[in-house]
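**Q** Take this structure, written in structure tokens, and hold onto it; I'll ask about it next.
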Amino acid sequence: MLRVAPDAQAARRDEEAVRRVAEGVLAAAGVRAAAAAGPALVAAAFAVQTANLPNVTAGTDTATGEPLGPVGPAPHLARSVERALAARPRGADLTGGSRLVGWERAERAVLDDSRDRLAAAWPEMLTELRICVAQVALLEGRAIDGFTDFATHGAVYVNRARLGASPRGLPGPVRFAEALVHEGTHTRCNAAQLSSSFLTSAADGVDPVRTPLRADPRPLAGLFQQAVVLTRCTELYRRLLDAERTTATPAEHTTATPALAARRDRLSSDARQAIGTLRQHGGSLTAHGLAVLGECDDLLRPTAV
């Protein structure tokens, strides 16, 4: 069951449920995957379900082994990138494509910095991310900024451009921390909805709706996850701002704080837009889905501007 505030205990239960489902699929097909774990295990189960049997054993793991750790290119991860590119809306700019790349030492240092900032500003979120996100894959190319794929559940994919500072003054480690919360929340939602749906069957009959994060209309399920993602990312910046005010030097206030505040306000506005649209389709939400929206409202209240 999903909670908008990080919940390590619930996250562990839901991740265990995902693992049991994947192992059950493989066992039913008579496939042995004793060495597979995390995203590679789920990828093998997905291959069985799609009758892509030659790829069942192709999930070579190049991760560091630590939760929320960097992972290099691997065949099962590359197939996720291919699916993500194929799912881009018609007319989307695919110039430059999108491909997996390895992590350089300096990039790993930014990842470490991002995790350190999460540990200081929102340790509960970092704990949940370490439960849900096994691997962080790095993308290069302009076509995709970041994504998750349930077929490699436990891996998140983030564009390496997010490791650098933004033109508006957001530090690279902050931008990457946001990306971890963003994609990690999609991962959390994907696991949670296996046991407790957010939407009723009536949602299948609702036309795609406009959303804050995508130019193309999206199903209500996509908008629901956006609402949770945006709410959590707003809370991240609220906490980072609190940390800036209490620990930063005057010079750092001048350069970083306005950018943090602007990003918080943008995310808060987008979150409220998403929640407002979902409220218009309240009959398509389960009791659990409505409760999650209520938690989004509660978490956004301190950021009202």
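Identifiers in this document derive from the order of the structure tokens: chains are assigned A, B, ..., residues are numbered from 1 separately in each chain, and ligands are numbered from 1 in order of occurrence.
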Show which residues sit within 12 Å of Arg272 in chain A, as a ChimeraX atom specification. Count only C-alpha atoms, and ignore same-chain residues fewer than 2 positions away.

**A** /A:211-212,223-224,226-231,234,265-270,274-279,293-294,296-301,303-305

**Q** Apply DSSP to the structure's backbone, then extract all residues of range 30-275 of chain A labelled alpha helix (DSSP H) and return them as a PyMOL selection string.

**A** chain A and resi 38-49+75-86+105-121+123-132+172-192+220-247+250-275

**Q** Calculate how many Å separate CA of Ser196 in chain A from CA of Ala17 in chain A, rounding to one decimal.

**A**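 Computing the Euclidean distance for CA of Ser196 in chain A and CA of Ala17 in chain A yields 11.6 Å.
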
**Q** Arg160 in chain A: which residues within 8 Å, counting only C-alpha atoms, same-chain residues fewer than 6 positions away excluded, as a ChimeraX atom specification?

**A** /A:138-140

**Q** Write down as a ChimeraX atom specification the residues belonging to range 48-206 of chain A that are assigned strand (DSSP E) by DSSP computed on the backbone.

**A** /A:69-71,99-101,135-140,146-148,155-159

**Q** Have a look at CA of Ile131 in chain A and CA of Glu15 in chain A and let me know their distance in Å, one decimal.

**A** 7.8 Å

**Q** When distances are computed from only C-alpha atoms, which of A:Ala165, A:Val156, A:Met1, A:Ala177 shows the smallest separation from Arg13 in chain A?

**A** A:Met1
